[in-house]
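Source file: entry08.pdb (PDB, C-alpha atoms)
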ATOM      1  CA  MET L   1     -22.801  88.228 -39.109  1.00  0.00           C
ATOM      2  CA  ASN L   2     -21.199  86.331 -42.005  1.00  0.00           C
ATOM      3  CA  ASN L   3     -21.523  82.716 -40.716  1.00  0.00           C
ATOM      4  CA  ASP L   4     -17.766  82.387 -40.268  1.00  0.00           C
ATOM      5  CA  SER L   5     -17.048  78.701 -39.639  1.00  0.00           C
ATOM      6  CA  GLY L   6     -14.341  79.690 -37.168  1.00  0.00           C
ATOM      7  CA  ILE L   7     -11.275  77.819 -38.397  1.00  0.00           C
ATOM      8  CA  ILE L   8      -8.201  78.522 -36.301  1.00  0.00           C
ATOM      9  CA  SER L   9      -4.539  77.560 -36.655  1.00  0.00           C
ATOM     10  CA  PHE L  10      -1.858  76.935 -34.085  1.00  0.00           C
ATOM     11  CA  GLN L  11       1.680  75.551 -34.250  1.00  0.00           C
ATOM     12  CA  HIS L  12       2.958  72.515 -32.414  1.00  0.00           C
ATOM     13  CA  CYS L  13       5.317  69.580 -32.964  1.00  0.00           C
ATOM     14  CA  ASN L  14       8.261  71.260 -34.692  1.00  0.00           C
ATOM     15  CA  HIS L  15       6.124  74.105 -35.960  1.00  0.00           C
ATOM     16  CA  LYS L  16       3.565  72.044 -37.813  1.00  0.00           C
ATOM     17  CA  ASN L  17       0.450  74.103 -38.546  1.00  0.00           C
ATOM     18  CA  ILE L  18      -2.601  72.425 -37.025  1.00  0.00           C
ATOM     19  CA  TYR L  19      -6.015  73.630 -38.190  1.00  0.00           C
ATOM     20  CA  CYS L  20      -9.245  73.018 -36.308  1.00  0.00           C
ATOM     21  CA  ILE L  21     -12.475  74.653 -35.218  1.00  0.00           C
ATOM     22  CA  ASN L  22     -12.082  73.746 -31.542  1.00  0.00           C
ATOM     23  CA  ILE L  23      -8.639  73.274 -29.992  1.00  0.00           C
ATOM     24  CA  PRO L  24      -8.339  69.635 -28.891  1.00  0.00           C
ATOM     25  CA  THR L  25      -7.301  68.674 -25.390  1.00  0.00           C
ATOM     26  CA  ASN L  26      -4.216  66.910 -26.729  1.00  0.00           C
ATOM     27  CA  CYS L  27      -2.112  67.526 -29.813  1.00  0.00           C
ATOM     28  CA  PRO L  28      -3.325  65.177 -32.585  1.00  0.00           C
ATOM     29  CA  VAL L  29       0.322  64.538 -33.568  1.00  0.00           C
ATOM     30  CA  CYS L  30       2.290  64.008 -30.358  1.00  0.00           C
ATOM     31  CA  LYS L  31      -0.655  63.631 -27.926  1.00  0.00           C
ATOM     32  CA  ILE L  32       0.841  66.171 -25.521  1.00  0.00           C
ATOM     33  CA  CYS L  33      -1.692  68.216 -23.542  1.00  0.00           C
ATOM     34  CA  LEU L  34      -2.371  71.585 -25.163  1.00  0.00           C
ATOM     35  CA  LYS L  35      -3.531  73.326 -22.004  1.00  0.00           C
ATOM     36  CA  ASN L  36      -0.769  75.935 -22.199  1.00  0.00           C
ATOM     37  CA  LEU L  37      -0.030  76.784 -25.830  1.00  0.00           C
ATOM     38  CA  GLN L  38       3.020  78.990 -26.301  1.00  0.00           C
ATOM     39  CA  ASN L  39       1.543  80.735 -29.336  1.00  0.00           C
ATOM     40  CA  ILE L  40      -1.878  82.347 -29.595  1.00  0.00           C
ATOM     41  CA  PRO L  41      -4.093  80.548 -32.179  1.00  0.00           C
ATOM     42  CA  ILE L  42      -4.696  82.473 -35.403  1.00  0.00           C
ATOM     43  CA  ARG L  43      -8.124  82.807 -36.978  1.00  0.00           C
ATOM     44  CA  VAL L  44      -8.091  81.791 -40.646  1.00  0.00           C
ATOM     45  CA  PRO L  45      -9.653  84.580 -42.751  1.00  0.00           C
ATOM     46  CA  TYR L  46     -13.178  83.669 -43.867  1.00  0.00           C
ATOM     47  CA  PRO L  47     -13.533  84.474 -47.591  1.00  0.00           C
ATOM     48  CA  PHE L  48     -17.319  84.441 -47.916  1.00  0.00           C
ATOM     49  CA  VAL L  49     -19.602  87.425 -47.358  1.00  0.00           C
ATOM     50  CA  ARG L  50     -23.198  88.569 -47.214  1.00  0.00           C
ATOM     51  CA  ALA L  51     -23.832  90.404 -50.461  1.00  0.00           C
ATOM     52  CA  SER L  52     -26.080  92.922 -48.686  1.00  0.00           C
ATOM     53  CA  GLN L  53     -22.984  94.153 -46.837  1.00  0.00           C
ATOM     54  CA  GLN L  54     -20.971  94.638 -50.047  1.00  0.00           C
ATOM     55  CA  PRO L  55     -22.203  97.735 -51.930  1.00  0.00           C
ATOM     56  CA  CYS L  56     -21.346  98.250 -55.602  1.00  0.00           C
ATOM     57  CA  ALA L  57     -19.811  94.820 -55.994  1.00  0.00           C
ATOM     58  CA  ILE L  58     -19.921  91.911 -58.381  1.00  0.00           C
ATOM     59  CA  ILE L  59     -20.472  88.700 -56.517  1.00  0.00           C
ATOM     60  CA  VAL L  60     -20.700  84.976 -57.304  1.00  0.00           C
ATOM     61  CA  LYS L  61     -22.194  81.907 -55.666  1.00  0.00           C
ATOM     62  CA  PRO L  62     -22.682  78.290 -56.778  1.00  0.00           C
ATOM     63  CA  THR L  63     -25.658  77.758 -59.054  1.00  0.00           C
ATOM     64  CA  CYS L  64     -26.563  74.789 -56.853  1.00  0.00           C
ATOM     65  CA  GLY L  65     -25.849  74.450 -53.154  1.00  0.00           C
ATOM     66  CA  ASN L  66     -23.242  76.529 -51.349  1.00  0.00           C
ATOM     67  CA  PHE L  67     -19.490  76.974 -51.405  1.00  0.00           C
ATOM     68  CA  LEU L  68     -18.529  75.215 -48.176  1.00  0.00           C
ATOM     69  CA  ASN L  69     -20.549  72.033 -48.557  1.00  0.00           C
ATOM     70  CA  ASN L  70     -21.155  71.523 -52.271  1.00  0.00           C
ATOM     71  CA  TYR L  71     -18.839  73.474 -54.539  1.00  0.00           C
ATOM     72  CA  GLN L  72     -16.130  71.882 -56.671  1.00  0.00           C
ATOM     73  CA  LEU L  73     -13.772  73.790 -58.923  1.00  0.00           C
ATOM     74  CA  MET L  74     -15.293  74.252 -62.386  1.00  0.00           C
ATOM     75  CA  ASP L  75     -18.875  73.946 -61.075  1.00  0.00           C
ATOM     76  CA  ASP L  76     -21.331  76.450 -62.532  1.00  0.00           C
ATOM     77  CA  LEU L  77     -21.545  79.803 -60.773  1.00  0.00           C
ATOM     78  CA  HIS L  78     -24.318  82.382 -60.630  1.00  0.00           C
ATOM     79  CA  ILE L  79     -23.184  86.000 -60.772  1.00  0.00           C
ATOM     80  CA  GLY L  80     -24.869  89.197 -59.672  1.00  0.00           C
ATOM     81  CA  VAL L  81     -24.200  92.850 -58.963  1.00  0.00           C
ATOM     82  CA  THR L  82     -25.089  94.839 -55.855  1.00  0.00           C
ATOM     83  CA  THR L  83     -26.460  98.350 -55.717  1.00  0.00           C
ATOM     84  CA  SER L  84     -24.960 100.981 -53.419  1.00  0.00           C
ATOM     85  CA  ARG L  85     -27.479  99.779 -50.799  1.00  0.00           C
ATOM     86  CA  GLY L  86     -26.548  96.119 -51.119  1.00  0.00           C
ATOM     87  CA  THR L  87     -29.506  94.837 -53.122  1.00  0.00           C
ATOM     88  CA  VAL L  88     -28.406  92.069 -55.484  1.00  0.00           C
ATOM     89  CA  ILE L  89     -29.476  92.318 -59.115  1.00  0.00           C
ATOM     90  CA  SER L  90     -29.016  89.197 -61.235  1.00  0.00           C
ATOM     91  CA  TYR L  91     -30.400  87.595 -64.360  1.00  0.00           C
ATOM     92  CA  ASP L  92     -31.582  84.024 -64.908  1.00  0.00           C
ATOM     93  CA  TRP L  93     -34.419  82.056 -66.536  1.00  0.00           C
ATOM     94  CA  ASN L  94     -36.865  84.119 -64.448  1.00  0.00           C
ATOM     95  CA  GLY L  95     -35.547  87.376 -65.885  1.00  0.00           C
ATOM     96  CA  ILE L  96     -34.172  90.139 -63.672  1.00  0.00           C
ATOM     97  CA  ILE L  97     -34.165  89.214 -59.975  1.00  0.00           C
ATOM     98  CA  GLU L  98     -33.753  91.685 -57.107  1.00  0.00           C
ATOM     99  CA  ASP L  99     -32.735  89.880 -53.947  1.00  0.00           C
ATOM    100  CA  THR L 100     -31.279  90.522 -50.510  1.00  0.00           C
ATOM    101  CA  GLU L 101     -31.765  87.135 -48.855  1.00  0.00           C
ATOM    102  CA  ASN L 102     -30.234  84.408 -51.014  1.00  0.00           C
ATOM    103  CA  TRP L 103     -26.648  85.630 -51.254  1.00  0.00           C
ATOM    104  CA  GLN L 104     -25.418  84.880 -47.743  1.00  0.00           C
ATOM    105  CA  GLY L 105     -22.215  82.997 -48.554  1.00  0.00           C
ATOM    106  CA  CYS L 106     -20.879  84.497 -51.758  1.00  0.00           C
ATOM    107  CA  LEU L 107     -17.548  85.749 -53.046  1.00  0.00           C
ATOM    108  CA  VAL L 108     -16.740  89.292 -54.109  1.00  0.00           C
ATOM    109  CA  VAL L 109     -14.881  89.186 -57.426  1.00  0.00           C
ATOM    110  CA  PHE L 110     -14.895  92.949 -57.973  1.00  0.00           C
ATOM    111  CA  GLN L 111     -15.879  95.976 -55.890  1.00  0.00           C
ATOM    112  CA  LEU L 112     -16.044  99.633 -56.826  1.00  0.00           C
ATOM    113  CA  ASN L 113     -13.618 101.618 -54.664  1.00  0.00           C
ATOM    114  CA  ASP L 114     -14.663 105.098 -55.752  1.00  0.00           C
ATOM    115  CA  HIS L 115     -17.580 106.387 -53.686  1.00  0.00           C
ATOM    116  CA  CYS L 116     -18.015 109.309 -56.074  1.00  0.00           C
ATOM    117  CA  MET L 117     -19.069 106.846 -58.779  1.00  0.00           C
ATOM    118  CA  GLU L 118     -21.759 105.058 -56.781  1.00  0.00           C
ATOM    119  CA  THR L 119     -24.564 107.200 -58.194  1.00  0.00           C
ATOM    120  CA  HIS L 120     -23.472 106.381 -61.748  1.00  0.00           C
ATOM    121  CA  TRP L 121     -23.238 102.720 -60.783  1.00  0.00           C
ATOM    122  CA  ASP L 122     -26.853 102.705 -59.558  1.00  0.00           C
ATOM    123  CA  THR L 123     -28.099 104.754 -62.508  1.00  0.00           C
ATOM    124  CA  ILE L 124     -26.566 102.432 -65.093  1.00  0.00           C
ATOM    125  CA  LEU L 125     -27.920  99.423 -63.247  1.00  0.00           C
ATOM    126  CA  THR L 126     -31.411 100.929 -63.104  1.00  0.00           C
ATOM    127  CA  ASP L 127     -31.320 101.707 -66.820  1.00  0.00           C
ATOM    128  CA  ILE L 128     -30.014  98.345 -67.966  1.00  0.00           C
ATOM    129  CA  ILE L 129     -32.628  96.279 -66.158  1.00  0.00           C
ATOM    130  CA  LYS L 130     -35.331  98.134 -68.086  1.00  0.00           C
ATOM    131  CA  ASN L 131     -34.004  96.781 -71.372  1.00  0.00           C
ATOM    132  CA  GLU L 132     -36.296  94.125 -72.816  1.00  0.00           C
ATOM    133  CA  CYS L 133     -33.329  91.948 -73.775  1.00  0.00           C
ATOM    134  CA  TRP L 134     -33.194  90.845 -70.126  1.00  0.00           C
ATOM    135  CA  ASN L 135     -36.700  89.393 -70.173  1.00  0.00           C
ATOM    136  CA  SER L 136     -37.033  85.788 -69.071  1.00  0.00           C
ATOM    137  CA  SER L 137     -38.011  84.752 -72.621  1.00  0.00           C
ATOM    138  CA  ARG L 138     -34.594  85.849 -73.904  1.00  0.00           C
ATOM    139  CA  TYR L 139     -32.603  83.807 -71.405  1.00  0.00           C
ATOM    140  CA  ASN L 140     -30.255  81.213 -72.864  1.00  0.00           C
ATOM    141  CA  GLU L 141     -28.025  79.134 -70.625  1.00  0.00           C
ATOM    142  CA  GLU L 142     -25.099  79.309 -73.038  1.00  0.00           C
ATOM    143  CA  ASP L 143     -25.339  82.620 -74.889  1.00  0.00           C
ATOM    144  CA  HIS L 144     -27.525  85.020 -72.892  1.00  0.00           C
ATOM    145  CA  ASN L 145     -27.146  84.354 -69.203  1.00  0.00           C
ATOM    146  CA  CYS L 146     -26.137  85.928 -65.900  1.00  0.00           C
ATOM    147  CA  PHE L 147     -22.566  86.547 -67.082  1.00  0.00           C
ATOM    148  CA  SER L 148     -23.889  88.239 -70.230  1.00  0.00           C
ATOM    149  CA  PHE L 149     -25.855  90.602 -67.999  1.00  0.00           C
ATOM    150  CA  ILE L 150     -22.795  91.513 -65.920  1.00  0.00           C
ATOM    151  CA  ILE L 151     -20.627  92.171 -68.983  1.00  0.00           C
ATOM    152  CA  ALA L 152     -23.335  94.364 -70.515  1.00  0.00           C
ATOM    153  CA  PHE L 153     -23.544  96.339 -67.262  1.00  0.00           C
ATOM    154  CA  LEU L 154     -19.778  96.800 -67.019  1.00  0.00           C
ATOM    155  CA  LYS L 155     -19.482  97.945 -70.624  1.00  0.00           C
ATOM    156  CA  GLN L 156     -22.121 100.625 -70.031  1.00  0.00           C
ATOM    157  CA  PHE L 157     -20.560 101.703 -66.765  1.00  0.00           C
ATOM    158  CA  ASN L 158     -17.184 102.007 -68.457  1.00  0.00           C
ATOM    159  CA  THR L 159     -18.631 104.874 -70.491  1.00  0.00           C
ATOM    160  CA  PHE L 160     -18.234 106.945 -67.324  1.00  0.00           C
ATOM    161  CA  LYS L 161     -15.240 105.249 -65.779  1.00  0.00           C
ATOM    162  CA  SER L 162     -13.312 102.054 -66.432  1.00  0.00           C
ATOM    163  CA  PRO L 163     -13.283 100.040 -63.195  1.00  0.00           C
ATOM    164  CA  VAL L 164     -12.505  96.767 -64.958  1.00  0.00           C
ATOM    165  CA  HIS L 165      -9.778  96.854 -67.568  1.00  0.00           C
ATOM    166  CA  HIS L 166      -9.237  94.694 -70.638  1.00  0.00           C
ATOM    167  CA  ILE L 167     -12.658  93.058 -70.414  1.00  0.00           C
ATOM    168  CA  GLU L 168     -14.456  92.361 -73.661  1.00  0.00           C
ATOM    169  CA  THR L 169     -16.033  88.959 -73.115  1.00  0.00           C
ATOM    170  CA  ARG L 170     -17.428  86.743 -70.372  1.00  0.00           C
ATOM    171  CA  GLU L 171     -14.348  84.572 -70.747  1.00  0.00           C
ATOM    172  CA  ASP L 172     -12.056  87.542 -70.091  1.00  0.00           C
ATOM    173  CA  PHE L 173     -13.929  88.472 -66.935  1.00  0.00           C
ATOM    174  CA  ALA L 174     -14.028  84.894 -65.690  1.00  0.00           C
ATOM    175  CA  GLU L 175     -10.306  84.402 -66.276  1.00  0.00           C
ATOM    176  CA  LEU L 176      -9.131  87.671 -64.736  1.00  0.00           C
ATOM    177  CA  TYR L 177     -11.581  88.089 -61.853  1.00  0.00           C
ATOM    178  CA  VAL L 178     -13.713  85.038 -61.118  1.00  0.00           C
ATOM    179  CA  ALA L 179     -11.173  82.228 -61.423  1.00  0.00           C
ATOM    180  CA  PRO L 180      -8.462  83.726 -59.142  1.00  0.00           C
ATOM    181  CA  THR L 181     -11.013  84.497 -56.438  1.00  0.00           C
ATOM    182  CA  THR L 182     -12.646  81.075 -56.468  1.00  0.00           C
ATOM    183  CA  ILE L 183      -9.294  79.258 -56.534  1.00  0.00           C
ATOM    184  CA  LYS L 184      -8.148  81.145 -53.440  1.00  0.00           C
ATOM    185  CA  ALA L 185     -11.449  80.450 -51.703  1.00  0.00           C
ATOM    186  CA  TYR L 186     -11.174  76.771 -52.538  1.00  0.00           C
ATOM    187  CA  LYS L 187      -8.152  76.535 -50.225  1.00  0.00           C
ATOM    188  CA  TYR L 188     -10.506  77.453 -47.384  1.00  0.00           C
ATOM    189  CA  ILE L 189     -13.168  75.045 -48.647  1.00  0.00           C
ATOM    190  CA  TYR L 190     -10.631  72.195 -48.766  1.00  0.00           C
ATOM    191  CA  LEU L 191      -9.403  73.037 -45.286  1.00  0.00           C
ATOM    192  CA  TYR L 192     -12.938  73.194 -43.883  1.00  0.00           C
ATOM    193  CA  ARG L 193     -13.919  69.816 -45.359  1.00  0.00           C
ATOM    194  CA  LYS L 194     -10.785  68.127 -44.037  1.00  0.00           C
ATOM    195  CA  ILE L 195     -11.519  69.457 -40.555  1.00  0.00           C
ATOM    196  CA  ILE L 196     -15.147  68.316 -40.717  1.00  0.00           C
ATOM    197  CA  GLU L 197     -13.974  64.880 -41.862  1.00  0.00           C
ATOM    198  CA  ASN L 198     -11.157  64.353 -39.352  1.00  0.00           C
ATOM    199  CA  GLY L 199     -11.636  66.972 -36.627  1.00  0.00           C
ATOM    200  CA  PHE L 200      -8.377  68.686 -37.608  1.00  0.00           C
ATOM    201  CA  TYR L 201      -5.958  69.177 -40.496  1.00  0.00           C
ATOM    202  CA  ILE L 202      -2.170  69.122 -40.229  1.00  0.00           C
ATOM    203  CA  TYR L 203      -0.031  71.124 -42.613  1.00  0.00           C
ATOM    204  CA  SER L 204       3.477  69.781 -42.112  1.00  0.00           C
ATOM    205  CA  GLN L 205       5.423  72.670 -43.652  1.00  0.00           C
ATOM    206  CA  PRO L 206       6.234  75.652 -41.381  1.00  0.00           C
ATOM    207  CA  SER L 207       4.462  78.078 -43.661  1.00  0.00           C
ATOM    208  CA  ASN L 208       1.454  80.408 -43.666  1.00  0.00           C
ATOM    209  CA  GLU L 209       0.522  79.482 -47.247  1.00  0.00           C
ATOM    210  CA  ILE L 210      -2.960  78.188 -46.468  1.00  0.00           C
ATOM    211  CA  LEU L 211      -3.679  81.258 -44.371  1.00  0.00           C
ATOM    212  CA  SER L 212      -3.046  83.469 -47.406  1.00  0.00           C
ATOM    213  CA  ILE L 213      -6.438  82.992 -49.017  1.00  0.00           C
ATOM    214  CA  GLN L 214      -7.552  86.602 -49.333  1.00  0.00           C
TER     215      GLN L 214
END
Once you've parsed the file, please lay out its structure as C-alpha cells.
Amino acid sequence: MNNDSGIISFQHCNHKNIYCINIPTNCPVCKICLKNLQNIPIRVPYPFVRASQQPCAIIVKPTCGNFLNNYQLMDDLHIGVTTSRGTVISYDWNGIIEDTENWQGCLVVFQLNDHCMETHWDTILTDIIKNECWNSSRYNEEDHNCFSFIIAFLKQFNTFKSPVHHIETREDFAELYVAPTTIKAYKYIYLYRKIIENGFYIYSQPSNEILSIQ
C-alpha cells in the first residue's frame, strides 16, 4: 500500500471539475443530487511512493514532516538512493543511514531503467559508503550533505553508464530532476489541502490540467 489519499474528480455544472475524497450527496455548486452521475469519477494519480518498492531509484522527502501536511515549495529536502532490493541509503549528521521504514511518502526523482545495470548500481553504492569521507564527523549542512553523497554516487556510477546526463553539481541535479518533480507533486499537495479545508475543490476550467501531475 502507498497511503493514497484517494482524491477523485468528476464533472458537473457545465463541465466544472469537482475534486473530493468522498462524493457529496449534492453538487457543491448547483446543489443538485449527484445520485446518478453521467460520468464515472476519475482517480487523481497519487505521486508519492514507498521507497522500498522503488529499486535503484533516487528519492526525496521533506527534511521535516511530510509532503501532504507540511511541505512548502523551497523547503529543505532529504535525498537518498535505493538499492536493487529497495533499501534506502542516505547521508546526514549521523553518517550513512540504511533504512526501509522512514521513506513511506517520498518522490522518485530518478530511477534506473536498465535491469542489466542493477548489479553495478549496488556495487558502486556498497563501495562508496565505505569511504571515510561519509563519516558523521565530516557532515556539513551546506557543503558536505545528503546531496553531496548522491552526486558522488552518480559520478562513480557514470563510469559504467551515464544514467543522468549533464550533471556536475548538486545545483544541476536539483534543477533538472528534483525541482520539476516536486513542482508537479505540489499540485497534488495543494489540491489535497483545499479538499481537507473545504471538503471539495472546484476547478472552473474544463481541463484535465490538475490531473496531469505525473
List as an mmCIF file with C-alpha atoms, keeping the file's coordinate frame the residues having at least one atom at most 8 Å from position (-25.0, 85.1, -62.7) as given in the file, counting only C-alpha atoms.
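Listed below is the output, point08.cif:
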data_model
loop_
_atom_site.group_PDB
_atom_site.id
_atom_site.type_symbol
_atom_site.label_atom_id
_atom_site.label_comp_id
_atom_site.auth_asym_id
_atom_site.auth_seq_id
_atom_site.Cartn_x
_atom_site.Cartn_y
_atom_site.Cartn_z
ATOM 1 C CA VAL L 60 -20.700 84.976 -57.304
ATOM 2 C CA LEU L 77 -21.545 79.803 -60.773
ATOM 3 C CA HIS L 78 -24.318 82.382 -60.630
ATOM 4 C CA ILE L 79 -23.184 86.000 -60.772
ATOM 5 C CA GLY L 80 -24.869 89.197 -59.672
ATOM 6 C CA SER L 90 -29.016 89.197 -61.235
ATOM 7 C CA TYR L 91 -30.400 87.595 -64.360
ATOM 8 C CA ASP L 92 -31.582 84.024 -64.908
ATOM 9 C CA ASN L 145 -27.146 84.354 -69.203
ATOM 10 C CA CYS L 146 -26.137 85.928 -65.900
ATOM 11 C CA PHE L 147 -22.566 86.547 -67.082
ATOM 12 C CA PHE L 149 -25.855 90.602 -67.999
ATOM 13 C CA ILE L 150 -22.795 91.513 -65.920
#
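Atom pair atom CA of Arg43 of chain L / atom CA of Phe10 of chain L has a distance of 9.1 Å (rounded to one decimal).
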Restricting to only C-alpha atoms, whichever of L:Ile124, L:Tyr203, L:Phe110, L:Asn36 is closest to Phe173 of chain L is L:Phe110
Which residues, written as an MDAnalysis selection string, have at least one atom at most 12 Å from Ile195 of chain L, with all atoms listed in the file counted and residues fewer than 6 positions away on the same chain left out? chainID L and resid 5:9 18:23 68 188:189 201:203
Between atom CA of Gln53 of chain L and atom CA of Gly86 of chain L, measure the distance and give it in Å to one decimal. 5.9 Å
Output check: residues returned by the PyMOL selection byres ((chain L and resi 181) around 10), as a ChimeraX atom specification: /L:47,60,107-110,174-180,182-186,213-214
Output of the above residues as a short mmCIF file (atom, residue, chain, number, x, y, z; two decimals), in the coordinates of the input, restricted to C-alpha atoms:
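Saved as result36.cif:
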data_model
loop_
_atom_site.label_atom_id
_atom_site.label_comp_id
_atom_site.auth_asym_id
_atom_site.auth_seq_id
_atom_site.Cartn_x
_atom_site.Cartn_y
_atom_site.Cartn_z
CA PRO L 47 -13.53 84.47 -47.59
CA VAL L 60 -20.70 84.98 -57.30
CA LEU L 107 -17.55 85.75 -53.05
CA VAL L 108 -16.74 89.29 -54.11
CA VAL L 109 -14.88 89.19 -57.43
CA PHE L 110 -14.90 92.95 -57.97
CA ALA L 174 -14.03 84.89 -65.69
CA GLU L 175 -10.31 84.40 -66.28
CA LEU L 176 -9.13 87.67 -64.74
CA TYR L 177 -11.58 88.09 -61.85
CA VAL L 178 -13.71 85.04 -61.12
CA ALA L 179 -11.17 82.23 -61.42
CA PRO L 180 -8.46 83.73 -59.14
CA THR L 182 -12.65 81.08 -56.47
CA ILE L 183 -9.29 79.26 -56.53
CA LYS L 184 -8.15 81.14 -53.44
CA ALA L 185 -11.45 80.45 -51.70
CA TYR L 186 -11.17 76.77 -52.54
CA ILE L 213 -6.44 82.99 -49.02
CA GLN L 214 -7.55 86.60 -49.33
#
Quick one: residues within 10 Å of segment 126-131 of chain L, all atoms listed in the file, excluding same-chain residues fewer than 6 positions away - as JSON, numbers by chain? {"L": [83, 89, 90, 91, 95, 96, 97, 120, 149, 152, 153, 156]}
For atom CA of Pro62 of chain L and atom CA of Val81 of chain L, the interatomic separation in Å (one decimal): 14.8 Å
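Shortest separation to Tyr46 of chain L among L:Leu34, L:Ile167, L:Cys27, L:Leu191 occurs at residue L:Leu191, atoms counted being all atoms listed in the file.
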Missing atoms of segment 126-137 of chain L rebuilt to N, CA and C atoms, written as a PDB file, in the frame of the given file:
ATOM      1  N   THR L 126     -29.972 100.690 -62.958  1.00  0.00           N
ATOM      2  CA  THR L 126     -31.411 100.929 -63.104  1.00  0.00           C
ATOM      3  C   THR L 126     -31.823 100.972 -64.565  1.00  0.00           C
ATOM      4  N   ASP L 127     -31.003 101.601 -65.388  1.00  0.00           N
ATOM      5  CA  ASP L 127     -31.320 101.707 -66.820  1.00  0.00           C
ATOM      6  C   ASP L 127     -31.247 100.361 -67.528  1.00  0.00           C
ATOM      7  N   ILE L 128     -30.220  99.588 -67.213  1.00  0.00           N
ATOM      8  CA  ILE L 128     -30.014  98.345 -67.966  1.00  0.00           C
ATOM      9  C   ILE L 128     -31.099  97.315 -67.671  1.00  0.00           C
ATOM     10  N   ILE L 129     -31.621  97.289 -66.467  1.00  0.00           N
ATOM     11  CA  ILE L 129     -32.628  96.279 -66.158  1.00  0.00           C
ATOM     12  C   ILE L 129     -33.970  96.587 -66.824  1.00  0.00           C
ATOM     13  N   LYS L 130     -34.110  97.799 -67.359  1.00  0.00           N
ATOM     14  CA  LYS L 130     -35.331  98.134 -68.086  1.00  0.00           C
ATOM     15  C   LYS L 130     -35.310  97.641 -69.528  1.00  0.00           C
ATOM     16  N   ASN L 131     -34.140  97.237 -69.992  1.00  0.00           N
ATOM     17  CA  ASN L 131     -34.004  96.781 -71.372  1.00  0.00           C
ATOM     18  C   ASN L 131     -34.706  95.432 -71.549  1.00  0.00           C
ATOM     19  N   GLU L 132     -35.521  95.339 -72.588  1.00  0.00           N
ATOM     20  CA  GLU L 132     -36.296  94.125 -72.816  1.00  0.00           C
ATOM     21  C   GLU L 132     -35.430  92.901 -73.116  1.00  0.00           C
ATOM     22  N   CYS L 133     -34.171  93.106 -73.461  1.00  0.00           N
ATOM     23  CA  CYS L 133     -33.329  91.948 -73.775  1.00  0.00           C
ATOM     24  C   CYS L 133     -33.059  91.092 -72.548  1.00  0.00           C
ATOM     25  N   TRP L 134     -33.390  91.622 -71.354  1.00  0.00           N
ATOM     26  CA  TRP L 134     -33.194  90.845 -70.126  1.00  0.00           C
ATOM     27  C   TRP L 134     -34.493  90.234 -69.629  1.00  0.00           C
ATOM     28  N   ASN L 135     -35.485  90.114 -70.506  1.00  0.00           N
ATOM     29  CA  ASN L 135     -36.700  89.393 -70.173  1.00  0.00           C
ATOM     30  C   ASN L 135     -36.397  87.908 -70.018  1.00  0.00           C
ATOM     31  N   SER L 136     -37.237  87.221 -69.284  1.00  0.00           N
ATOM     32  CA  SER L 136     -37.033  85.788 -69.071  1.00  0.00           C
ATOM     33  C   SER L 136     -37.070  85.005 -70.380  1.00  0.00           C
ATOM     34  N   SER L 137     -37.871  85.470 -71.352  1.00  0.00           N
ATOM     35  CA  SER L 137     -38.011  84.752 -72.621  1.00  0.00           C
ATOM     36  C   SER L 137     -36.727  84.778 -73.441  1.00  0.00           C
TER      37      SER L 137
END
